$ cat model-v4.cif   # mmCIF, C-alpha atoms and all ligand atoms
data_start
loop_
_atom_site.label_atom_id
_atom_site.label_comp_id
_atom_site.auth_asym_id
_atom_site.auth_seq_id
_atom_site.Cartn_x
_atom_site.Cartn_y
_atom_site.Cartn_z
CA MET A 1 12.09 14.56 -14.77
CA ASN A 2 13.22 12.09 -12.13
CA LYS A 3 16.79 10.87 -12.85
CA ILE A 4 16.46 7.66 -10.88
CA PHE A 5 18.81 5.78 -13.25
CA GLU A 6 21.62 8.38 -13.46
CA GLY A 7 24.98 6.57 -13.63
CA LYS A 8 23.39 3.26 -14.64
CA LYS A 9 24.12 1.42 -17.88
CA ALA A 10 21.08 -0.06 -19.63
CA LEU A 11 21.05 -2.64 -22.42
CA VAL A 12 17.80 -2.97 -24.36
CA ILE A 13 17.64 -5.93 -26.70
CA GLY A 14 15.10 -5.06 -29.39
CA GLY A 15 15.29 -1.44 -28.29
CA THR A 16 15.28 0.30 -31.68
CA GLY A 17 11.57 -0.09 -32.32
CA GLY A 18 8.23 -1.17 -30.90
CA ILE A 19 7.78 -1.47 -27.14
CA GLY A 20 11.55 -1.74 -26.59
CA LEU A 21 12.19 1.73 -28.03
CA GLU A 22 9.51 3.23 -25.76
CA ILE A 23 11.28 1.67 -22.77
CA ALA A 24 14.72 2.78 -23.99
CA LYS A 25 13.51 6.41 -24.30
CA ARG A 26 12.19 6.37 -20.75
CA LEU A 27 15.43 4.90 -19.39
CA LEU A 28 17.40 7.63 -21.18
CA PHE A 29 15.16 10.40 -19.85
CA ARG A 30 15.56 8.95 -16.35
CA GLY A 31 19.33 9.36 -16.58
CA ALA A 32 20.66 5.98 -17.83
CA GLU A 33 23.25 5.49 -20.55
CA VAL A 34 21.37 3.35 -23.03
CA CYS A 35 22.71 0.74 -25.43
CA VAL A 36 19.92 -0.20 -27.82
CA HIS A 37 20.04 -3.21 -30.06
CA GLY A 38 18.05 -3.79 -33.25
CA ALA A 39 18.19 -5.72 -36.50
CA HIS A 40 18.76 -2.67 -38.72
CA LYS A 41 20.99 0.40 -38.80
CA LYS A 42 19.07 3.46 -37.57
CA ASN A 43 19.87 7.00 -36.55
CA PRO A 44 19.70 7.21 -32.73
CA ALA A 45 18.70 10.90 -32.59
CA GLN A 46 15.94 10.29 -35.12
CA ILE A 47 14.37 7.27 -33.43
CA PHE A 48 14.60 8.85 -29.96
CA GLY A 49 13.18 12.14 -31.30
CA LEU A 50 16.21 14.17 -30.15
CA PRO A 51 18.03 17.06 -31.82
CA ALA A 52 21.24 15.78 -33.50
CA GLU A 53 24.45 16.17 -31.42
CA SER A 54 22.46 16.78 -28.24
CA GLU A 55 23.92 15.80 -24.86
CA LEU A 56 21.30 13.10 -24.55
CA GLU A 57 22.20 11.58 -27.91
CA LYS A 58 25.75 11.06 -26.62
CA LYS A 59 24.32 8.71 -24.01
CA ILE A 60 22.91 6.36 -26.68
CA GLU A 61 24.80 3.56 -28.39
CA LEU A 62 23.15 1.52 -31.12
CA ILE A 63 24.22 -2.02 -32.00
CA GLU A 64 22.85 -3.83 -35.06
CA TYR A 65 22.68 -7.59 -34.88
CA ASP A 66 20.13 -9.69 -36.75
CA PHE A 67 19.58 -12.87 -34.72
CA LYS A 68 18.07 -14.61 -37.73
CA ASN A 69 21.22 -14.00 -39.81
CA HIS A 70 23.58 -15.48 -37.22
CA HIS A 71 23.97 -18.89 -35.67
CA PHE A 72 22.71 -18.74 -32.11
CA GLU A 73 26.08 -19.91 -30.79
CA ASP A 74 27.80 -16.87 -32.42
CA LEU A 75 26.13 -14.78 -29.71
CA GLU A 76 28.42 -16.19 -27.04
CA ASN A 77 31.41 -14.10 -28.15
CA SER A 78 29.39 -11.17 -29.50
CA VAL A 79 29.55 -7.53 -28.46
CA LEU A 80 25.97 -7.84 -27.22
CA ILE A 81 26.86 -10.46 -24.62
CA LYS A 82 29.89 -8.34 -23.59
CA LYS A 83 27.48 -5.44 -23.06
CA ALA A 84 25.19 -7.64 -20.99
CA GLU A 85 28.13 -8.65 -18.80
CA SER A 86 28.62 -5.04 -17.72
CA CYS A 87 25.09 -3.63 -17.69
CA ASP A 88 23.10 -2.58 -14.62
CA ILE A 89 19.71 -2.70 -16.32
CA LEU A 90 18.83 -5.43 -18.80
CA CYS A 91 15.65 -5.38 -20.87
CA VAL A 92 15.14 -8.21 -23.36
CA CYS A 93 12.25 -6.97 -25.45
CA TYR A 94 12.60 -8.72 -28.82
CA GLY A 95 10.50 -11.88 -29.08
CA PRO A 96 9.18 -13.05 -32.46
CA PHE A 97 5.53 -14.09 -32.64
CA VAL A 98 4.88 -17.41 -34.39
CA GLN A 99 1.22 -18.09 -35.03
CA LYS A 100 0.89 -21.68 -36.20
CA SER A 101 -0.95 -24.71 -34.90
CA LEU A 102 1.27 -27.55 -33.73
CA ASP A 103 0.69 -29.59 -36.91
CA GLU A 104 1.89 -26.62 -39.03
CA MET A 105 5.11 -25.93 -37.11
CA THR A 106 8.31 -26.58 -39.10
CA PHE A 107 11.77 -27.32 -37.73
CA ALA A 108 12.70 -23.71 -38.45
CA ASP A 109 9.65 -22.44 -36.51
CA TRP A 110 10.61 -24.56 -33.50
CA GLN A 111 14.14 -23.23 -33.69
CA THR A 112 12.79 -19.66 -33.75
CA VAL A 113 10.57 -19.99 -30.70
CA SER A 114 12.89 -22.09 -28.59
CA LEU A 115 16.02 -20.07 -29.33
CA LEU A 116 14.71 -16.53 -29.78
CA ASP A 117 11.70 -16.48 -27.43
CA TYR A 118 13.19 -18.60 -24.64
CA ALA A 119 16.96 -19.20 -24.85
CA LEU A 120 17.69 -15.59 -25.90
CA PRO A 121 16.33 -13.97 -22.72
CA GLY A 122 17.96 -16.82 -20.81
CA VAL A 123 21.49 -16.25 -22.14
CA PHE A 124 21.26 -12.50 -21.57
CA VAL A 125 20.04 -12.98 -17.99
CA SER A 126 22.89 -15.43 -17.32
CA ALA A 127 25.42 -13.02 -18.83
CA ALA A 128 24.18 -10.07 -16.77
CA LEU A 129 23.80 -11.70 -13.36
CA LYS A 130 27.49 -12.04 -12.42
CA ASN A 131 28.25 -8.32 -12.67
CA MET A 132 24.93 -7.33 -11.10
CA ARG A 133 25.69 -9.64 -8.19
CA GLN A 134 29.13 -8.10 -7.71
CA LYS A 135 27.58 -4.63 -7.68
CA ASN A 136 24.74 -5.73 -5.43
CA TRP A 137 22.31 -4.02 -7.78
CA GLY A 138 20.51 -4.97 -10.97
CA ARG A 139 17.22 -4.59 -12.81
CA ILE A 140 15.98 -7.12 -15.35
CA LEU A 141 12.84 -6.78 -17.45
CA LEU A 142 11.66 -9.57 -19.76
CA PHE A 143 8.58 -10.14 -21.93
CA GLY A 144 5.98 -12.87 -21.87
CA GLY A 145 3.17 -13.24 -24.40
CA THR A 146 -0.45 -12.17 -24.05
CA GLY A 147 -1.92 -14.01 -21.06
CA THR A 148 1.08 -16.35 -20.57
CA ASP A 149 0.99 -16.05 -16.79
CA HIS A 150 -0.65 -19.45 -16.44
CA ARG A 151 -0.67 -22.81 -18.18
CA THR A 152 -3.51 -23.32 -20.67
CA GLU A 153 -4.19 -24.69 -24.16
CA TYR A 154 -3.41 -22.66 -27.30
CA ARG A 155 -4.90 -23.51 -30.69
CA THR A 156 -2.70 -21.36 -32.94
CA ASN A 157 0.42 -20.43 -30.98
CA ALA A 158 1.20 -23.20 -28.51
CA ALA A 159 4.92 -23.24 -29.30
CA TYR A 160 5.36 -19.47 -28.89
CA ALA A 161 3.23 -19.43 -25.72
CA GLY A 162 5.18 -22.36 -24.29
CA ALA A 163 8.43 -20.45 -24.71
CA LYS A 164 6.87 -17.31 -23.20
CA CYS A 165 5.54 -19.32 -20.21
CA GLY A 166 9.15 -20.49 -19.79
CA VAL A 167 10.17 -16.84 -19.48
CA GLY A 168 7.95 -16.77 -16.39
CA ILE A 169 10.14 -19.48 -14.80
CA LEU A 170 13.26 -17.40 -15.58
CA VAL A 171 11.62 -14.43 -13.86
CA GLN A 172 10.50 -16.32 -10.75
CA SER A 173 13.81 -18.15 -10.35
CA THR A 174 15.93 -15.03 -10.80
CA ALA A 175 13.72 -13.11 -8.39
CA ALA A 176 13.85 -15.86 -5.77
CA PHE A 177 17.57 -16.58 -5.82
CA TYR A 178 19.14 -13.18 -6.62
CA ALA A 179 16.94 -10.87 -4.55
CA ASP A 180 19.55 -10.87 -1.78
CA SER A 181 21.99 -9.34 -4.28
CA GLY A 182 19.73 -6.34 -4.85
CA ILE A 183 18.58 -7.68 -8.22
CA THR A 184 14.98 -7.59 -9.40
CA CYS A 185 13.59 -9.52 -12.36
CA ASN A 186 10.07 -9.00 -13.71
CA ALA A 187 8.19 -9.44 -16.98
CA LEU A 188 5.52 -7.61 -18.89
CA LEU A 189 2.77 -9.62 -20.56
CA PRO A 190 1.28 -7.17 -23.06
CA GLY A 191 -2.11 -7.48 -24.65
CA PHE A 192 -2.23 -6.94 -28.41
CA THR A 193 -0.14 -3.81 -28.74
CA LYS A 194 0.08 -1.26 -31.55
CA THR A 195 3.60 -0.67 -32.85
CA GLU A 196 5.11 0.32 -36.19
CA TYR A 197 5.38 -3.41 -37.01
CA THR A 198 1.73 -4.35 -36.55
CA ALA A 199 -0.18 -2.38 -39.23
CA ALA A 200 -1.15 -5.51 -41.19
CA THR A 201 -2.90 -7.13 -38.22
CA ASP A 202 -4.10 -4.07 -36.23
CA ALA A 203 -7.76 -4.21 -37.27
CA LEU A 204 -8.10 -7.95 -36.65
CA LEU A 205 -6.34 -7.91 -33.28
CA ALA A 206 -8.15 -4.78 -32.05
CA LYS A 207 -11.45 -6.71 -32.30
CA LYS A 208 -10.04 -9.32 -29.92
CA MET A 209 -9.20 -6.78 -27.21
CA PRO A 210 -11.57 -5.44 -24.55
CA LEU A 211 -12.82 -1.97 -25.71
CA GLY A 212 -11.97 -2.92 -29.32
CA THR A 213 -8.67 -1.05 -29.48
CA LEU A 214 -5.04 -2.10 -29.21
CA VAL A 215 -2.91 -1.31 -26.17
CA SER A 216 -0.42 1.49 -26.87
CA SER A 217 3.31 0.75 -26.70
CA ALA A 218 3.62 3.82 -24.40
CA SER A 219 1.21 2.20 -21.91
CA VAL A 220 3.22 -1.04 -21.92
CA ALA A 221 6.48 0.91 -21.53
CA GLU A 222 5.12 2.94 -18.58
CA SER A 223 4.17 -0.35 -16.90
CA GLY A 224 7.73 -1.54 -17.54
CA MET A 225 9.15 1.55 -15.83
CA PHE A 226 6.87 0.88 -12.85
CA LEU A 227 8.50 -2.57 -12.54
CA LEU A 228 12.04 -1.27 -13.10
CA GLU A 229 11.80 1.61 -10.64
CA ASN A 230 10.36 -0.09 -7.58
CA PRO A 231 12.87 -2.38 -5.81
CA ASP A 232 10.00 -4.05 -3.97
CA LEU A 233 8.54 -5.46 -7.19
CA ASN A 234 10.34 -8.72 -7.90
CA GLY A 235 9.14 -11.87 -9.66
CA VAL A 236 6.10 -10.08 -11.09
CA LEU A 237 4.46 -11.16 -14.34
CA LEU A 238 2.47 -8.02 -15.10
CA ARG A 239 -0.39 -8.34 -17.56
CA VAL A 240 -1.00 -5.12 -19.48
CA ASP A 241 -4.03 -6.36 -21.37
CA ARG A 242 -7.24 -4.88 -19.84
CA GLY A 243 -8.17 -8.33 -18.52
CA TRP A 244 -8.11 -9.96 -21.98
CA SER A 245 -9.45 -13.50 -22.15
CA PRO A 246 -9.36 -15.80 -25.20
CA ASN A 247 -12.89 -16.93 -24.29
CA ALA A 248 -14.56 -13.52 -24.00
CA ARG A 249 -14.96 -12.77 -27.73
N1 LIG B 301 3.12 -6.32 -29.95
C1 LIG B 301 2.29 -7.15 -29.34
O1 LIG B 301 1.07 -7.16 -29.61
C2 LIG B 301 2.79 -8.11 -28.29
C3 LIG B 301 1.85 -8.86 -27.57
C4 LIG B 301 2.30 -9.73 -26.59
C5 LIG B 301 3.66 -9.85 -26.34
N2 LIG B 301 4.55 -9.11 -27.07
C6 LIG B 301 5.97 -9.27 -26.78
O2 LIG B 301 6.50 -7.97 -26.51
C7 LIG B 301 7.86 -7.91 -26.91
C8 LIG B 301 8.11 -6.68 -27.76
O3 LIG B 301 7.34 -6.82 -28.93
P1 LIG B 301 7.25 -5.71 -30.08
O4 LIG B 301 5.87 -5.80 -30.61
O5 LIG B 301 7.77 -4.43 -29.60
O6 LIG B 301 8.19 -6.24 -31.29
P2 LIG B 301 9.49 -7.11 -31.54
O7 LIG B 301 9.50 -7.42 -32.99
O8 LIG B 301 9.56 -8.28 -30.60
O9 LIG B 301 10.68 -6.10 -31.21
C9 LIG B 301 11.11 -5.11 -32.12
C10 LIG B 301 12.59 -4.91 -31.90
O10 LIG B 301 13.30 -6.15 -32.22
C11 LIG B 301 14.21 -5.92 -33.30
N3 LIG B 301 14.20 -7.10 -34.19
C12 LIG B 301 13.21 -7.51 -35.03
N4 LIG B 301 13.62 -8.59 -35.72
C13 LIG B 301 14.89 -8.87 -35.30
C14 LIG B 301 15.86 -9.85 -35.64
N5 LIG B 301 15.62 -10.80 -36.56
N6 LIG B 301 17.07 -9.83 -35.03
C15 LIG B 301 17.34 -8.87 -34.10
N7 LIG B 301 16.46 -7.93 -33.73
C16 LIG B 301 15.26 -7.91 -34.32
C17 LIG B 301 13.67 -4.68 -34.01
O11 LIG B 301 14.72 -4.08 -34.75
P3 LIG B 301 14.40 -3.35 -36.17
O12 LIG B 301 13.48 -2.22 -35.88
O13 LIG B 301 15.74 -2.99 -36.69
O14 LIG B 301 13.72 -4.40 -37.03
C18 LIG B 301 13.19 -3.85 -32.82
O15 LIG B 301 14.29 -3.26 -32.17
C19 LIG B 301 8.15 -9.24 -27.61
O16 LIG B 301 8.82 -10.10 -26.72
C20 LIG B 301 6.79 -9.79 -27.95
O17 LIG B 301 6.77 -11.21 -28.03
C21 LIG B 301 4.15 -8.25 -28.03
#
$ encode --input "model-v4.cif" --output "structure tokens"
Amino acid sequence: MNKIFEGKKALVIGGTGGIGLEIAKRLLFRGAEVCVHGAHKKNPAQIFGLPAESELEKKIELIEYDFKNHHFEDLENSVLIKKAESCDILCVCYGPFVQKSLDEMTFADWQTVSLLDYALPGVFVSAALKNMRQKNWGRILLFGGTGTDHRTEYRTNAAYAGAKCGVGILVQSTAAFYADSGITCNALLPGFTKTEYTAATDALLAKKMPLGTLVSSASVAESGMFLLENPDLNGVLLRVDRGWSPNAR
């Protein structure tokens, strides 16, 4: 296995499940020390599929922090932001999906999308950049929504998609103005992806995808590693969606 990230510290927000866990596993196997964050307490060896007390398990730290049970401003002095300030590789994977038309959106829904889908990646990027700049090296991976690489109209998720399009601006701006410090910033834009959280909607969403099946979280994670490993890829919004179009079906 290539150990390209040996000696690097990775922080994966939303790294205890779904696509984030698949990315965290790959970072670990490529030599990084990995701090994974999630909402719930979990056993690191179990979720990474490792024997207990193995050498690899010692390279994992797990931090529980439920963003919905804290005020957003509490993050500023949290252990998670401290971790971001010293990490070499930052992946902000968590991003709650809100599927509501604009006339159905409540104040709480707007708070969720603007804070957790947009400001959250933003504050972690800001926290990480200073140290990465000093080290002249950094890798940042963020997440857009399905097909949010361009501006269009959305019937049932305009607020979520707006926040995810904003992530694209974070990516482009970080790439443009921090490239000279050896920092890359890219985002994955997954198609409808199967994870342990999606069982209730799998059948419905699979019908909306080309080939009638969901994308696997392993496929999305491999695409993420492609972006993280190649220093020449910077400012990329990579669609991993088989060419999905809202108008095709
Ligand atoms: N899945 C898709 O079809 C799809 C499609 C397009 C874009 N995306 C984007 O891809 C990214 C990854 O999505 P995903 O499907 O893997 O699921 P996700 O729900 O965004 O991420 C799961 C991770 O977030 C943690 N998490 C969940 N609720 C939390 C909360 N309230 N506070 C703190 N952490 C919380 C989970 O921890 P626990 O396991 O402890 O709950 C787990 O570690 C997201 O940004 C999403 O918007 C996904």
$ closest_residue --input "model-v4.cif" --among "A:Val12, A:Glu55, A:Pro246, A:Leu227" --to "Thr152 of chain A" --atoms "all atoms listed in the file"
A:Pro246
$ axis_aligned_box --input "model-v4.cif" --around "segment 231-239 of chain A" --padding-each-side "3 Å" --output "JSON"
{"center_x": 6.2, "center_y": -7.1, "center_z": -10.8, "size_x": 19.3, "size_y": 15.5, "size_z": 19.6}
$ closest_residue --input "model-v4.cif" --among "A:Leu28, A:Ala163, A:Ile19, A:Leu141" --to "Tyr197 of chain A" --atoms "only C-alpha atoms"
A:Ile19
$ residues_around --input "model-v4.cif" --residues "Ser173 of chain A" --least-positions-apart "3" --cutoff "12 Å" --atoms "only C-alpha atoms" --output "PDB file with C-alpha atoms, keeping the file's coordinate frame"
ATOM      1  CA  GLY A 122      17.960 -16.820 -20.810  1.00  0.00           C
ATOM      2  CA  VAL A 125      20.040 -12.980 -17.990  1.00  0.00           C
ATOM      3  CA  SER A 126      22.890 -15.430 -17.320  1.00  0.00           C
ATOM      4  CA  GLY A 166       9.150 -20.490 -19.790  1.00  0.00           C
ATOM      5  CA  VAL A 167      10.170 -16.840 -19.480  1.00  0.00           C
ATOM      6  CA  GLY A 168       7.950 -16.770 -16.390  1.00  0.00           C
ATOM      7  CA  ILE A 169      10.140 -19.480 -14.800  1.00  0.00           C
ATOM      8  CA  LEU A 170      13.260 -17.400 -15.580  1.00  0.00           C
ATOM      9  CA  ALA A 176      13.850 -15.860  -5.770  1.00  0.00           C
ATOM     10  CA  PHE A 177      17.570 -16.580  -5.820  1.00  0.00           C
ATOM     11  CA  TYR A 178      19.140 -13.180  -6.620  1.00  0.00           C
ATOM     12  CA  ALA A 179      16.940 -10.870  -4.550  1.00  0.00           C
ATOM     13  CA  ILE A 183      18.580  -7.680  -8.220  1.00  0.00           C
ATOM     14  CA  THR A 184      14.980  -7.590  -9.400  1.00  0.00           C
ATOM     15  CA  CYS A 185      13.590  -9.520 -12.360  1.00  0.00           C
ATOM     16  CA  ASN A 186      10.070  -9.000 -13.710  1.00  0.00           C
ATOM     17  CA  ASN A 234      10.340  -8.720  -7.900  1.00  0.00           C
ATOM     18  CA  GLY A 235       9.140 -11.870  -9.660  1.00  0.00           C
ATOM     19  CA  VAL A 236       6.100 -10.080 -11.090  1.00  0.00           C
TER      20      VAL A 236
END
$ closest_residue --input "model-v4.cif" --among "A:Pro96, A:Pro44, A:Gly49, A:Gly7" --to "ligand LIG 301 (chain B)" --atoms "only C-alpha atoms and all ligand atoms"
A:Pro96
$ closest_atom_pairs --input "model-v4.cif" --of "chain A" --to "ligand LIG 301 (chain B)" --cutoff "6 Å" --atoms "only C-alpha atoms and all ligand atoms" --output "Markdown table"
| residue | atom | partner | partner_atom | distance |
| --- | --- | --- | --- | --- |
| A:Gly14 | CA | B:LIG301 | O15 | 3.4 |
| A:Gly15 | CA | B:LIG301 | O15 | 4.4 |
| A:Thr16 | CA | B:LIG301 | O15 | 3.7 |
| A:Gly17 | CA | B:LIG301 | C18 | 4.1 |
| A:Gly18 | CA | B:LIG301 | O5 | 3.5 |
| A:Ile19 | CA | B:LIG301 | O5 | 3.8 |
| A:Gly20 | CA | B:LIG301 | O5 | 5.5 |
| A:Gly38 | CA | B:LIG301 | O11 | 3.7 |
| A:Ala39 | CA | B:LIG301 | O13 | 3.7 |
| A:His40 | CA | B:LIG301 | O13 | 3.7 |
| A:Tyr65 | CA | B:LIG301 | C15 | 5.5 |
| A:Asp66 | CA | B:LIG301 | N6 | 3.5 |
| A:Phe67 | CA | B:LIG301 | N6 | 4.0 |
| A:Lys68 | CA | B:LIG301 | N5 | 4.7 |
| A:Cys93 | CA | B:LIG301 | C7 | 4.7 |
| A:Tyr94 | CA | B:LIG301 | O8 | 3.6 |
| A:Gly95 | CA | B:LIG301 | O16 | 3.4 |
| A:Pro96 | CA | B:LIG301 | O8 | 5.1 |
| A:Phe97 | CA | B:LIG301 | O17 | 5.6 |
| A:Phe143 | CA | B:LIG301 | O16 | 4.8 |
| A:Gly144 | CA | B:LIG301 | C5 | 5.9 |
| A:Gly145 | CA | B:LIG301 | C5 | 3.9 |
| A:Thr146 | CA | B:LIG301 | C4 | 4.5 |
| A:Leu189 | CA | B:LIG301 | C5 | 5.9 |
| A:Pro190 | CA | B:LIG301 | C4 | 4.5 |
| A:Gly191 | CA | B:LIG301 | C3 | 5.1 |
| A:Phe192 | CA | B:LIG301 | O1 | 3.5 |
| A:Thr193 | CA | B:LIG301 | O1 | 3.7 |
$ atom_distance --input "model-v4.cif" --atom1 "atom CA of Ala200 of chain A" --atom2 "atom CA of Asp117 of chain A"
21.8 Å
$ atom_distance --input "model-v4.cif" --atom1 "atom CA of Tyr118 of chain A" --atom2 "atom CA of Lys100 of chain A"
17.2 Å
$ residues_around --input "model-v4.cif" --residues "Lys25 of chain A" --least-positions-apart "6" --cutoff "10 Å" --atoms "all atoms listed in the file" --output "list in words"
Gly15, Thr16, Ala32, Val34, Val36, Ile47, Phe48, Gly49, Ile60 and Ala221 of chain A
$ closest_residue --input "model-v4.cif" --among "A:Arg239, A:Lys59, A:Lys208, A:Lys164" --to "Ser223 of chain A" --atoms "only C-alpha atoms"
A:Arg239
$ residues_around --input "model-v4.cif" --residues "Ser114 of chain A" --least-positions-apart "3" --cutoff "9 Å" --atoms "all atoms listed in the file" --output "list of chain:residue names"
A:Asp109, A:Trp110, A:Gln111, A:Asp117, A:Tyr118, A:Ala119, A:Leu120, A:Ala159, A:Tyr160, A:Gly162, A:Ala163
$ residues_near_point --input "model-v4.cif" --point "(-5.4, -6.9, -29.7)" --cutoff "10 Å" --atoms "all atoms listed in the file" --output "number ranges by chain"
A: 146, 190-194, 201-215, 241, 244
$ atom_distance --input "model-v4.cif" --atom1 "atom CA of Ala248 of chain A" --atom2 "atom CA of Gly224 of chain A"
26.1 Å
$ closest_residue --input "model-v4.cif" --among "A:His37, A:Arg133, A:Lys42, A:Arg139" --to "Asp232 of chain A" --atoms "all atoms listed in the file"
A:Arg139
$ decode --input "model-v4.cif" --residues "segment 149-209 of chain A" --atoms "C-alpha atoms" --output "PDB file, in the first residue's frame"
ATOM      1  CA  ASP A 149     -21.144  22.760  -9.962  1.00  0.00           C
ATOM      2  CA  HIS A 150     -23.275  25.350 -11.746  1.00  0.00           C
ATOM      3  CA  ARG A 151     -26.105  27.737 -10.970  1.00  0.00           C
ATOM      4  CA  THR A 152     -29.588  26.432 -11.805  1.00  0.00           C
ATOM      5  CA  GLU A 153     -33.116  26.260 -10.379  1.00  0.00           C
ATOM      6  CA  TYR A 154     -34.094  23.684  -7.730  1.00  0.00           C
ATOM      7  CA  ARG A 155     -37.714  22.825  -6.971  1.00  0.00           C
ATOM      8  CA  THR A 156     -37.272  20.898  -3.711  1.00  0.00           C
ATOM      9  CA  ASN A 157     -33.845  21.742  -2.311  1.00  0.00           C
ATOM     10  CA  ALA A 158     -32.918  25.276  -3.365  1.00  0.00           C
ATOM     11  CA  ALA A 159     -31.651  26.268   0.083  1.00  0.00           C
ATOM     12  CA  TYR A 160     -29.389  23.214   0.470  1.00  0.00           C
ATOM     13  CA  ALA A 161     -28.120  23.525  -3.110  1.00  0.00           C
ATOM     14  CA  GLY A 162     -27.443  27.237  -2.622  1.00  0.00           C
ATOM     15  CA  ALA A 163     -25.245  26.467   0.371  1.00  0.00           C
ATOM     16  CA  LYS A 164     -23.476  23.687  -1.541  1.00  0.00           C
ATOM     17  CA  CYS A 165     -22.878  26.016  -4.529  1.00  0.00           C
ATOM     18  CA  GLY A 166     -21.297  28.375  -1.984  1.00  0.00           C
ATOM     19  CA  VAL A 167     -18.870  25.584  -1.075  1.00  0.00           C
ATOM     20  CA  GLY A 168     -17.696  25.822  -4.684  1.00  0.00           C
ATOM     21  CA  ILE A 169     -16.677  29.458  -4.075  1.00  0.00           C
ATOM     22  CA  LEU A 170     -14.726  28.384  -0.965  1.00  0.00           C
ATOM     23  CA  VAL A 171     -12.923  25.796  -3.076  1.00  0.00           C
ATOM     24  CA  GLN A 172     -12.082  28.125  -5.962  1.00  0.00           C
ATOM     25  CA  SER A 173     -10.968  30.964  -3.683  1.00  0.00           C
ATOM     26  CA  THR A 174      -8.795  28.749  -1.487  1.00  0.00           C
ATOM     27  CA  ALA A 175      -7.257  27.131  -4.553  1.00  0.00           C
ATOM     28  CA  ALA A 176      -6.534  30.468  -6.213  1.00  0.00           C
ATOM     29  CA  PHE A 177      -5.044  32.313  -3.251  1.00  0.00           C
ATOM     30  CA  TYR A 178      -3.274  29.559  -1.266  1.00  0.00           C
ATOM     31  CA  ALA A 179      -1.796  27.474  -4.086  1.00  0.00           C
ATOM     32  CA  ASP A 180       1.542  29.251  -3.647  1.00  0.00           C
ATOM     33  CA  SER A 181       1.639  27.873  -0.093  1.00  0.00           C
ATOM     34  CA  GLY A 182       1.468  24.290  -1.342  1.00  0.00           C
ATOM     35  CA  ILE A 183      -2.193  23.976  -0.355  1.00  0.00           C
ATOM     36  CA  THR A 184      -4.825  22.319  -2.529  1.00  0.00           C
ATOM     37  CA  CYS A 185      -8.578  22.592  -2.022  1.00  0.00           C
ATOM     38  CA  ASN A 186     -11.087  20.527  -4.001  1.00  0.00           C
ATOM     39  CA  ALA A 187     -14.626  19.220  -3.593  1.00  0.00           C
ATOM     40  CA  LEU A 188     -16.523  16.085  -4.459  1.00  0.00           C
ATOM     41  CA  LEU A 189     -20.051  16.406  -5.816  1.00  0.00           C
ATOM     42  CA  PRO A 190     -21.500  12.922  -5.338  1.00  0.00           C
ATOM     43  CA  GLY A 191     -24.509  11.558  -7.135  1.00  0.00           C
ATOM     44  CA  PHE A 192     -27.078   9.800  -4.956  1.00  0.00           C
ATOM     45  CA  THR A 193     -24.821   7.602  -2.856  1.00  0.00           C
ATOM     46  CA  LYS A 194     -25.598   4.493  -0.816  1.00  0.00           C
ATOM     47  CA  THR A 195     -24.519   4.696   2.816  1.00  0.00           C
ATOM     48  CA  GLU A 196     -25.749   3.206   6.087  1.00  0.00           C
ATOM     49  CA  TYR A 197     -27.931   6.320   6.515  1.00  0.00           C
ATOM     50  CA  THR A 198     -29.858   6.107   3.240  1.00  0.00           C
ATOM     51  CA  ALA A 199     -31.872   2.852   3.452  1.00  0.00           C
ATOM     52  CA  ALA A 200     -35.240   4.647   3.612  1.00  0.00           C
ATOM     53  CA  THR A 201     -34.683   6.497   0.320  1.00  0.00           C
ATOM     54  CA  ASP A 202     -32.417   4.050  -1.591  1.00  0.00           C
ATOM     55  CA  ALA A 203     -35.079   2.635  -3.911  1.00  0.00           C
ATOM     56  CA  LEU A 204     -36.518   6.030  -4.836  1.00  0.00           C
ATOM     57  CA  LEU A 205     -33.148   7.689  -5.421  1.00  0.00           C
ATOM     58  CA  ALA A 206     -31.713   4.736  -7.372  1.00  0.00           C
ATOM     59  CA  LYS A 207     -34.440   5.271 -10.010  1.00  0.00           C
ATOM     60  CA  LYS A 208     -33.193   8.838 -10.486  1.00  0.00           C
ATOM     61  CA  MET A 209     -29.614   7.760 -11.237  1.00  0.00           C
TER      62      MET A 209
END
